[in-house]
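Only one structure is covered here, and it is reproduced in the block below.
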Amino acid sequence: MGTYTARRLLQMIPVFIGATLIIFFMVFAIPGDPIQAMAGERRLNEATLTAIRDRYNLNDPFLIQYVKYLAGVVTGDFGRAFNGREVADIIRDTFPVTLRLAAVAFVFEAIIGGIAGVLAGLRRGSFIDNLVLVSTTAIISIPVFVLGYALQLVVGVRFDLLPIAGIRDGWISFIMPGFVLGAVSLAYIARLLRTSLVENLQADYIRTATSKGLSRFRVVGRHGLRNSLIPVVTYLGIDLGTLMAGAIITEGIFNIPGVGGAVFDAIRQQETPVVVGIVTILVIVFIVANLLVDLLYGVLDPRIRYE
Amino acid sequence: MSDSGSSEVGGGPVDDDAAAGKSAQSTAAASGAEVADASLWGDAWRHLRRSPLFVVSATLLAIVIVMAIFPQLFTSADPRDCNLSRSLVRPSSDAWFGYDVLGCDYYARTVYGARASIAVGLTVAISASIIAVILGSLAGFYRGWIDSLLSRATDVVFALPTLLAGIVILSVMENRGIPQVAFVLSILGWPTMLRLMRATVMSVAETDYVQSARALGAGDLRIITRHVLPNALTPVIVYATIFVGIIITAEAALTFLGVGLQLPAISWGLAISNAQSRLLQAPHLLFFPGLFLSVTVFSFILMGDALRDALDPKLR
């Protein structure tokens with residue numbers, strides 16, 4: 001396990017370098033003069049131009065620029081907004097809010113997705129099974145922003161059940177955005193759990209457990225469900241990417257001051273350094289989280305052994 | 001029953017080479033390929049025709065694709081013929097979908113919007129599939145350094161969540177049309193499919209019929225094109241169908257965020273993005289493009305599910 005962890009950590013380095021290199025290459029190597037663009041129509045004089053270029057390392061060759069950017073990323077310097085605020089500060093202020101939103105989304109995923117998946121998996125081919133399959137496909141098909149606005153209009157405005165936007169009302173104001181954020185993952189979890197439960201319920205150990213005289217509840221709960229949760233846990237790693245991207249849209253729609261909301265605003269105000277900085281951090285979070293999920297996988301399922 | 005079952009699963013190609021051992025290679029392989037086609041695709045087609053999922057999704061997809069190619073068939077109105085006096089007029093019997101903020105006929109705008117989504121979705125899915133099929137079969141068949149190289153490359157791109165990386169890359173591009181958005185999504189989209197293709201090719205390359213083809217002296221190119229590919233394509237075809245839906249959603253999301261397609265293009269993502277500030281006065285501006293977008297994505301995913309059921313006899 002120790003060697004495996006070490007090997008995975010080492011493998012992470014080229015992945016990390018490659019991923020940041022792609023972002024850096026696409027963003028900073030694109031033709032055009034960002035500094036002149038900042039000044040708009042006015043011509044900058046040569047001295048100012050050179051000074052600003054020096055500050056952003058734009059006079060260096062491409063690889064040197066990249067190494068300096070990488071050094072910044074490693075030491076926690078993700079760049080600054082145009083008003084001088086550091087991207088790292090923005091993250092620090094907004095992260096707790098996003099975490100709360102993600103927690104609510106996760107509760108929806110676990111409860112609704114879990115129940116739907118188990119009901120469908122237990123009665124394969126039944127009405128409930130088909131209902132779950134069709135409704136999850138429908139949920140996956142509705143883009144996050146369409147669902148968000150639709151719920152805002154119907155639940156928030158027409159029936160006035162939940163706050164429409166903002167976070168002034170505490171937990172209550174997180175319910176609707178949390179559901180919207182978790183909706184797609186909820187559908188995927190229900191489907192994964194169904195497939196995996198259907199498969200596991202045909203396994204020999206289930207027959208053994210049943211023939212030992214255990215109650216149906218115990219057989220499904222302790223033997224079937226536990227084993228079926230493994231693919232779901234793996235999915236949670238990938239899910240994090242969906243959640244982060246979804247948070248940008250959801251927090252934008254519901255005006256929630258989280259990390260995603262900050263990216264949403266930065267895109268609207270065309271603050272490219274902020275967009276790049278925050279997304280770089282999110283990508284790093286994604287890489288690390290996937291590593292953790294891989295390690296967790298081995299803990300959950302003793303059949304999987306890492307040499 | 002068990003007989004016909006085994007010939008469906010992959011017996012076609014196996015028999016193909018067993019027969020080739022007895023008779024002249026070329027003729028047996030040629031006729032054998034026909035039998036394989038008839039058994040897998042013919043069987044799949046018989047299954048598909050009876051599947052309600054397939055009939056529904058195929059009908060919807062046919063409508064949307066015709067809409068994307070010949071929008072004139074659905075509306076005689078010009079989507080760019082706008083009149084401010086009709087701004088935000090609600091749907092009525094004259095104009096079923098109402099008018100948008102500039103007074104353009106919203107039905108025409110919605111119908112013409114299909115083209116952007118379908119164009120981006122199909123371009124990305126097709127280019128990603130081509131990359132995945134070629135590189136995936138090389139990696140899965142030859143293994144070795146080419147496999148390590150490609151696997152590390154997929155790891156790198158895989159570490160970038162599509163939408164996040166798409167936002168970063170597109171936010172610095174100044175002119176973003178269908179080609180640019182499709183290009184960026186293709187760059188970010190191929191790894192999943194390549195992994196799928198590689199894994200399938202690896203398992204097919206281990207099978208007896210590939211071994212016997214090799215023993216009979218078939219070259220690598222012949223083995224890959226005649227034996228490996230026909231038996232390894234189905235998972236990629238299924239995934240590519242679903243992938244079109246995923247990409248259409250991604251394009252709409254990027255456009256909605258303001259880093260995808262730009263005005264004066266006509267697209268569902270743009271329409272929804274413009275609808276957001278007038279949600280209360282004009283909910284129809286959200287409803288119609290949202291509905292068309294969701295139904296299109298729904299049909300592609302449904303079609304993928306139907307194809308999987310038909311092409312994988314084990315699932316029946």
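By order in the structure tokens, chains are A, B, ...; within a chain, residues start at 1; ligands start at 1, following the order shown.
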Can you list every residue of chain A that has an atom at most 6 Å from chain B, with its nearest atom pair and the distance in Å to one decimal, using only C-alpha atoms, ordered by chain then number, as CSV?
residue,atom,partner,partner_atom,distance
A:Val15,CA,B:Val156,CA,4.7
A:Gly18,CA,B:Val156,CA,5.6
A:Ala19,CA,B:Val156,CA,5.4
A:Met26,CA,B:Ile169,CA,5.8
A:Val27,CA,B:Ile169,CA,5.9
A:Ser141,CA,B:Phe298,CA,4.9
A:Ile142,CA,B:Ser294,CA,4.8
A:Val146,CA,B:Gly290,CA,5.8
A:Gly241,CA,B:Pro161,CA,5.4
A:Ala245,CA,B:Leu164,CA,5.8
A:Val276,CA,B:Val168,CA,5.7
A:Ile287,CA,B:Ala159,CA,5.8
Got time to write the residues from that selection, C-alpha atoms, as a PDB file, in the first residue's frame?
ATOM      1  CA  VAL A  15       0.191  14.526 -15.046  1.00  0.00           C
ATOM      2  CA  GLY A  18       1.231  18.159 -18.471  1.00  0.00           C
ATOM      3  CA  ALA A  19      -2.117  19.545 -17.357  1.00  0.00           C
ATOM      4  CA  MET A  26      -3.409  27.615 -24.571  1.00  0.00           C
ATOM      5  CA  VAL A  27      -3.805  30.725 -22.442  1.00  0.00           C
ATOM      6  CA  SER A 141     -30.399  15.547 -20.508  1.00  0.00           C
ATOM      7  CA  ILE A 142     -31.575  18.788 -18.938  1.00  0.00           C
ATOM      8  CA  VAL A 146     -32.106  25.236 -17.744  1.00  0.00           C
ATOM      9  CA  GLY A 241     -15.122  17.544 -11.731  1.00  0.00           C
ATOM     10  CA  ALA A 245     -17.980  22.850 -13.269  1.00  0.00           C
ATOM     11  CA  VAL A 276      -7.130  30.919 -15.134  1.00  0.00           C
ATOM     12  CA  ILE A 287      -6.169  15.492  -9.545  1.00  0.00           C
TER      13      ILE A 287
END
Problem set entry | Close residues, Asn175 of chain B itself excluded, 9 Å, only C-alpha atoms, min 2 positions apart in chain, as a list in words |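 The contact residues come out as Met173, Gly177, Gln180, Leu261 and Gln262 of chain B.
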Saved selection, atoms kept: C-alpha atoms, as a PDB file, in the first residue's frame:
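Result file follows (part-v8.pdb):
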ATOM      1  CA  MET B 173      -9.920  33.284 -27.560  1.00  0.00           C
ATOM      2  CA  GLY B 177     -17.395  30.202 -33.748  1.00  0.00           C
ATOM      3  CA  GLN B 180     -13.172  26.961 -32.455  1.00  0.00           C
ATOM      4  CA  LEU B 261     -20.445  30.839 -29.444  1.00  0.00           C
ATOM      5  CA  GLN B 262     -20.919  34.570 -29.877  1.00  0.00           C
TER       6      GLN B 262
END
Counting only C-alpha atoms, which residues in segment 207-244 of chain A sit no more than 12 Å from segment 93-100 of chain A? For each one, give the nearest pair of atoms and the distance in Å, sorted by chain then residue number, as a tab-separated table.
residue	atom	partner	partner_atom	distance
A:Leu240	CA	A:Leu99	CA	11.6
A:Leu243	CA	A:Thr98	CA	10.0
A:Met244	CA	A:Thr98	CA	9.0
Exercise. Quick one: residues within 12 Å of Val67 of chain A, only C-alpha atoms counted, chain neighbours fewer than 3 positions away excluded, as a list in words?
Worked result: Ile17, Thr20, Leu21, Phe24, Phe25, Asn57, Asp60, Pro61, Phe62, Leu63, Ile64, Leu70, Ala71, Gly72, Val73 and Val74 of chain A
For this session: May I ask for the distance between atom CA of Val204 of chain B and atom CA of Ala232 of chain B, given in Å to one decimal place?
Result: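 Computed distance, atom CA of Val204 of chain B to atom CA of Ala232 of chain B, equals 6.7 Å.
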